[in-house]
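Asker: Quick one: the structure is below, questions incoming.
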Amino acid sequence: MITYLEFEKPVAELETRIKELKASAGEGAVNIDAEVKRLEAKVEAQLKAIYAKLTPWQKTQVARHPARPHLKDITAALITDFTPLAGDRKFGEDCAIIGGPGRFRGRPVMVMGHEKGSDTASRLKHNFGMAKPEGYRKAVRLMEMADRFGLPVVSFVDTSGAFPGIHAEERGQAEAIARSTEACLRLGTPMVAAIVGEGGSGGAVALATANRIIMFEHAVYAVISPEGCASILWRTADKAADAAAAMKQTAQDLKALNLIDAIVPEPVGGAHRSPQAAIKLLGDAVEAQLATMDGMGADAVRDDRRTKFLAMGR
């Protein structure tokens with residue numbers, strides 16, 4: 001069952017009509033194929049028109065759609081021989097971040113990323129993708145292992161931000177995020193980060209300080225959520241749409257500012273409508289970015305990353 005966003009109401013009405021026609025066709029001999037095809041073409045046209053002019057706030061809603069591809073979907077489709085590794089060797093396991101070695105289209109890699117969960121039970125288990133210090137320390141452990149064995153790192157970012165709870169703060173949340181960011185910068189192997197949904201605050205940066213950063217067409221990446229920004233600036237979350245526009249958080253804005261390297265197109269109507277097609281496009285983009293760093297030594301990889309980040313904002 002598709003979850004429709006507020007601005008998708010015209011599409012919802014058409015698709016409901018299509019379902020009604022198909023149900024009625026089973027009750028009689030009336031041929032409704034022509035009408036169904038006409039309505040399906042209209043749905044396609046409506047989706048193209050709607051998604052061609054999404055506002056930054058609407059893109060935020062698309063980025064948060066529960067049916068978008070999650071890390072487990074991505075690893076299942078793109079990574080073979082994936083071996084998830086648990087624990088940070090300091091405190092415990094954090095299911096908000098999943099990672100381990102595997103093969104991406106035949107290439108040995110270290111994969112890691114945020115997992116939000118797909119139903120109530122899994123969302124609670126994975127804490128809605130909001131990692132605690134032990135999650136970021138696990139990421140550091142995985143990156144250090146990748147460095148030792150010469151494995152490129154591929155990360156998939158999808159989080160509203162690091163977990164803000166008191167216990168996370170007691171265990172050094174800010175320090176853990178800083179150490180993870182430092183580990184990204186210190187890596188002597190190529191790193192590609194993909195923002196697949198929300199890229200929220202330091203919780204995203206800790207896994208996305210990479211040589212190449214790519215984003216899904218309707219993903220968002222910002223220092224704070226629109227609601228959080230609105231609450232600070234206007235003392236009300238009702239101004240979230242204004243904040244989303246002001247923050248320049250869309251893939252298109254960030255590409256124009258040279259903060260990301262490539263935009264990954266999504267199927268018509270967003271990645272949540274055709275997750276497998278979206279994952280295929282994502283895999284092609286990751287492969288293309290990794291290919292740009294083939295043959296680079298450790299010093300060249302670090303210099304490439306350093307140059308990239310020092311050039312930002314200049």
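Labels used: A, B, ... for chains in the order of the structure tokens, numbers from 1 for residues in each chain, and numbers from 1 for ligands as shown.
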Within 8 Å of Ile50 in chain A, counting only C-alpha atoms, which residues show up once you throw out same-chain ones fewer than 4 positions away? Write them as a PyMOL selection string, please.
Answerer: chain A and resi 7-8+46+54
Asker: Got time to write the residues from that selection, all heavy atoms, as a PDB file, in the first residue's frame?
Answerer:
```
ATOM      1  N   PHE A   7       0.977  16.593  -1.198  1.00  0.00           N
ATOM      2  CA  PHE A   7       0.954  17.170  -2.545  1.00  0.00           C
ATOM      3  C   PHE A   7       0.687  16.127  -3.634  1.00  0.00           C
ATOM      4  O   PHE A   7       0.595  16.457  -4.813  1.00  0.00           O
ATOM      5  CB  PHE A   7       2.265  17.920  -2.833  1.00  0.00           C
ATOM      6  CG  PHE A   7       3.498  17.079  -2.673  1.00  0.00           C
ATOM      7  CD1 PHE A   7       3.947  16.266  -3.698  1.00  0.00           C
ATOM      8  CD2 PHE A   7       4.214  17.100  -1.479  1.00  0.00           C
ATOM      9  CE1 PHE A   7       5.076  15.486  -3.548  1.00  0.00           C
ATOM     10  CE2 PHE A   7       5.353  16.334  -1.325  1.00  0.00           C
ATOM     11  CZ  PHE A   7       5.785  15.524  -2.364  1.00  0.00           C
ATOM     12  N   GLU A   8       0.563  14.854  -3.242  1.00  0.00           N
ATOM     13  CA  GLU A   8       0.294  13.787  -4.208  1.00  0.00           C
ATOM     14  C   GLU A   8      -1.195  13.437  -4.295  1.00  0.00           C
ATOM     15  O   GLU A   8      -1.556  12.434  -4.910  1.00  0.00           O
ATOM     16  CB  GLU A   8       1.086  12.532  -3.833  1.00  0.00           C
ATOM     17  CG  GLU A   8       2.588  12.674  -3.979  1.00  0.00           C
ATOM     18  CD  GLU A   8       3.335  11.412  -3.582  1.00  0.00           C
ATOM     19  OE1 GLU A   8       2.989  10.802  -2.552  1.00  0.00           O
ATOM     20  OE2 GLU A   8       4.283  11.024  -4.310  1.00  0.00           O
ATOM     21  N   GLN A  46       1.071  13.282 -14.324  1.00  0.00           N
ATOM     22  CA  GLN A  46       0.889  14.036 -13.080  1.00  0.00           C
ATOM     23  C   GLN A  46       2.134  13.952 -12.213  1.00  0.00           C
ATOM     24  O   GLN A  46       2.593  14.941 -11.647  1.00  0.00           O
ATOM     25  CB  GLN A  46      -0.314  13.484 -12.308  1.00  0.00           C
ATOM     26  CG  GLN A  46      -1.664  13.923 -12.873  1.00  0.00           C
ATOM     27  CD  GLN A  46      -2.168  15.191 -12.181  1.00  0.00           C
ATOM     28  OE1 GLN A  46      -1.395  15.995 -11.695  1.00  0.00           O
ATOM     29  NE2 GLN A  46      -3.476  15.356 -12.156  1.00  0.00           N
ATOM     30  N   LEU A  54       9.061  20.359  -7.194  1.00  0.00           N
ATOM     31  CA  LEU A  54       8.944  20.215  -5.746  1.00  0.00           C
ATOM     32  C   LEU A  54       9.656  21.357  -5.031  1.00  0.00           C
ATOM     33  O   LEU A  54      10.746  21.782  -5.433  1.00  0.00           O
ATOM     34  CB  LEU A  54       9.565  18.893  -5.288  1.00  0.00           C
ATOM     35  CG  LEU A  54       8.871  17.590  -5.677  1.00  0.00           C
ATOM     36  CD1 LEU A  54       9.655  16.411  -5.123  1.00  0.00           C
ATOM     37  CD2 LEU A  54       7.439  17.543  -5.187  1.00  0.00           C
TER      38      LEU A  54
END
```
Asker: Per residue of range 156-256 of chain A within 9 Å of range 131-136 of chain A, what are the shortest atom pair and its distance in Å to one decimal, counting only C-alpha atoms, with rows by chain and residue number, as a tab-separated table?
Answerer:
```
residue	atom	partner	partner_atom	distance
A:Thr159	CA	A:Ala131	CA	8.4
A:Gly161	CA	A:Ala131	CA	7.7
A:Ala162	CA	A:Ala131	CA	5.1
A:Phe163	CA	A:Ala131	CA	5.4
A:Pro164	CA	A:Lys132	CA	8.2
A:Gly165	CA	A:Lys132	CA	8.5
A:His167	CA	A:Lys132	CA	8.7
A:Ala168	CA	A:Lys132	CA	5.5
A:Glu169	CA	A:Pro133	CA	8.2
A:Arg171	CA	A:Pro133	CA	6.5
A:Gly172	CA	A:Pro133	CA	6.3
A:Gln173	CA	A:Pro133	CA	4.8
A:Ala174	CA	A:Pro133	CA	8.0
A:Glu175	CA	A:Pro133	CA	8.1
A:Ala176	CA	A:Pro133	CA	5.3
A:Ile177	CA	A:Tyr136	CA	6.1
A:Arg179	CA	A:Tyr136	CA	8.0
A:Ser180	CA	A:Tyr136	CA	5.9
A:Gly203	CA	A:Ala131	CA	7.2
A:Ala206	CA	A:Tyr136	CA	7.3
A:Leu207	CA	A:Tyr136	CA	8.3
```
Asker: Using only C-alpha atoms, pick whichever of A:Pro152, A:Gly117, A:Pro267, A:Gly228 has the shortest atom-to-atom distance to Arg103 in chain A.
Answerer: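 Closest candidate: A:Pro152.
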Asker: Within 7 Å of Glu217 in chain A, counting only C-alpha atoms, which residues qualify if same-chain residues fewer than 3 places away don't, as a list of chain:residue names?
Answerer: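 Residues meeting the cut-off are A:Ala251, A:Ile263, A:Val264, A:Pro265, A:Glu266.
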Asker: Give the answer as one residue: which of A:Lys239, A:Lys248, A:Arg89, A:Arg186 has the shortest atom-to-atom distance to Asp147 in chain A, using only C-alpha atoms?
Answerer: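 Closest residue, counting only C-alpha atoms: A:Arg186.
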Asker: Hey, which of A:Pro66, A:Pro101, A:Gly106, A:Gly295 ends up closest to Asp119 in chain A? Count only C-alpha atoms.
Answerer: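 Looking at the shortest contact to Asp119 in chain A, the residue is A:Pro66.
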Asker: Between CA of Gly313 in chain A and CA of Val111 in chain A, what is the distance in Å, rounded to a tenth?
Answerer: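 Going from CA of Gly313 in chain A over to CA of Val111 in chain A covers 29.1 Å.
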Asker: Which residues, written as a compact mmCIF listing (two decimals) with C-alpha atoms, in the first residue's frame, have at least one atom at most 9 Å from His272 in chain A, with only C-alpha atoms counted and residues fewer than 2 positions away on the same chain left out?
Answerer:
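Result written to part.txt:
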```txt
# COMPACT_ATOMS: atom_id res chain seq x y z
CA ILE A 2 1.42 3.38 -1.07
CA VAL A 62 9.95 12.80 0.03
CA HIS A 65 9.09 8.76 3.03
CA PRO A 66 8.98 5.43 4.91
CA ALA A 67 9.05 3.38 1.71
CA ARG A 68 12.32 4.83 0.38
CA PRO A 69 15.15 2.29 0.03
CA PRO A 267 12.45 7.01 -10.86
CA GLY A 269 7.50 9.76 -8.45
CA GLY A 270 10.52 9.26 -6.20
CA SER A 274 10.37 2.01 -7.50
CA PRO A 275 12.96 1.13 -4.84
CA ALA A 278 16.41 3.55 -7.60
```
Asker: Excluding Ala243 in chain A and residues on its chain fewer than 6 positions from it, collect all residues at most 9 Å away from it, counting only C-alpha atoms, and give them as an MDAnalysis selection string.
Answerer: chainID A and resid 57 225:230 233
Asker: Skipping near chain neighbours, those fewer than 2 positions away, what residues fall within 8 Å of Ala208 in chain A using only C-alpha atoms, listed as a tab-separated table (two decimals) with N, CA and C atoms, in the first residue's frame?
Answerer:
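Output saved as around-v5.tsv:
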```
chain	number	residue	atom	x	y	z
A	155	SER	N	29.70	4.56	2.09
A	155	SER	CA	28.74	4.81	3.17
A	155	SER	C	27.42	5.30	2.60
A	157	VAL	N	24.09	7.32	3.82
A	157	VAL	CA	23.65	8.19	4.90
A	157	VAL	C	22.14	8.41	4.84
A	181	THR	N	34.43	11.68	12.05
A	181	THR	CA	34.75	12.62	10.97
A	181	THR	C	36.25	12.62	10.70
A	184	CYS	N	37.30	9.57	8.75
A	184	CYS	CA	37.02	9.73	7.31
A	184	CYS	C	38.16	10.50	6.64
A	192	VAL	N	33.46	6.86	-0.80
A	192	VAL	CA	32.30	7.44	-1.48
A	192	VAL	C	31.14	7.42	-0.50
A	193	ALA	N	30.51	8.58	-0.31
A	193	ALA	CA	29.34	8.67	0.58
A	193	ALA	C	28.11	9.01	-0.27
A	194	ALA	N	27.01	8.33	0.01
A	194	ALA	CA	25.76	8.58	-0.71
A	194	ALA	C	24.68	9.01	0.27
A	204	ALA	N	25.22	12.93	10.13
A	204	ALA	CA	25.45	12.57	8.73
A	204	ALA	C	26.91	12.82	8.34
A	205	VAL	N	27.45	13.97	8.74
A	205	VAL	CA	28.81	14.34	8.36
A	205	VAL	C	29.82	13.29	8.83
A	206	ALA	N	29.54	12.68	9.99
A	206	ALA	CA	30.46	11.68	10.56
A	206	ALA	C	30.67	10.49	9.64
A	210	ALA	N	33.78	12.40	2.75
A	210	ALA	CA	34.35	11.46	1.78
A	210	ALA	C	35.00	12.17	0.60
A	213	ILE	N	30.96	12.71	-2.76
A	213	ILE	CA	29.66	12.72	-2.09
A	213	ILE	C	28.59	12.81	-3.17
```
Asker: Between A:Lys138, A:Lys22, A:Arg105, A:Lys255, which has the minimum distance to Leu85 in chain A (counting only C-alpha atoms)?
Answerer: A:Lys138
Asker: For CA of Leu254 in chain A and CA of Met293 in chain A, quote the distance in Å rounded to one decimal.
Answerer: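 Pair CA of Leu254 in chain A / CA of Met293 in chain A returns 22.0 Å.
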Asker: Using only C-alpha atoms, which of the listed residues (A:Val154, A:Ala41, A:Ile214, A:Ala63) sits closest to Thr75 in chain A?
Answerer: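 Among A:Val154, A:Ala41, A:Ile214, A:Ala63, it is A:Val154 that comes nearest to Thr75 in chain A.
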Asker: Any idea what's packed within 12 Å of Ala45 in chain A, counting only C-alpha atoms, ignoring anything in its chain fewer than 3 positions away? Could you give it as a PyMOL selection string?
Answerer: chain A and resi 10-11+14+38-42+48-52+268-269
Asker: Quick one: pick out all strand (DSSP E) residues within range 110-252 of chain A from a backbone DSSP run and write them as a PyMOL selection string.
Answerer: chain A and resi 110-114+153-159+191-200+212-216+220-222
Asker: Mind pulling up the distance from CA of Ala262 in chain A to CA of Pro84 in chain A?
Answerer: 27.7 Å
Asker: Please return, as a ChimeraX atom specification, all residues of range 53-285 of chain A that DSSP assigns to helix (DSSP H, G or I) on the basis of the backbone.
Answerer: /A:56-63,71-78,120-125,127-129,133-149,166-170,173-186,201-205,226-233,237-246,251-256,275-285
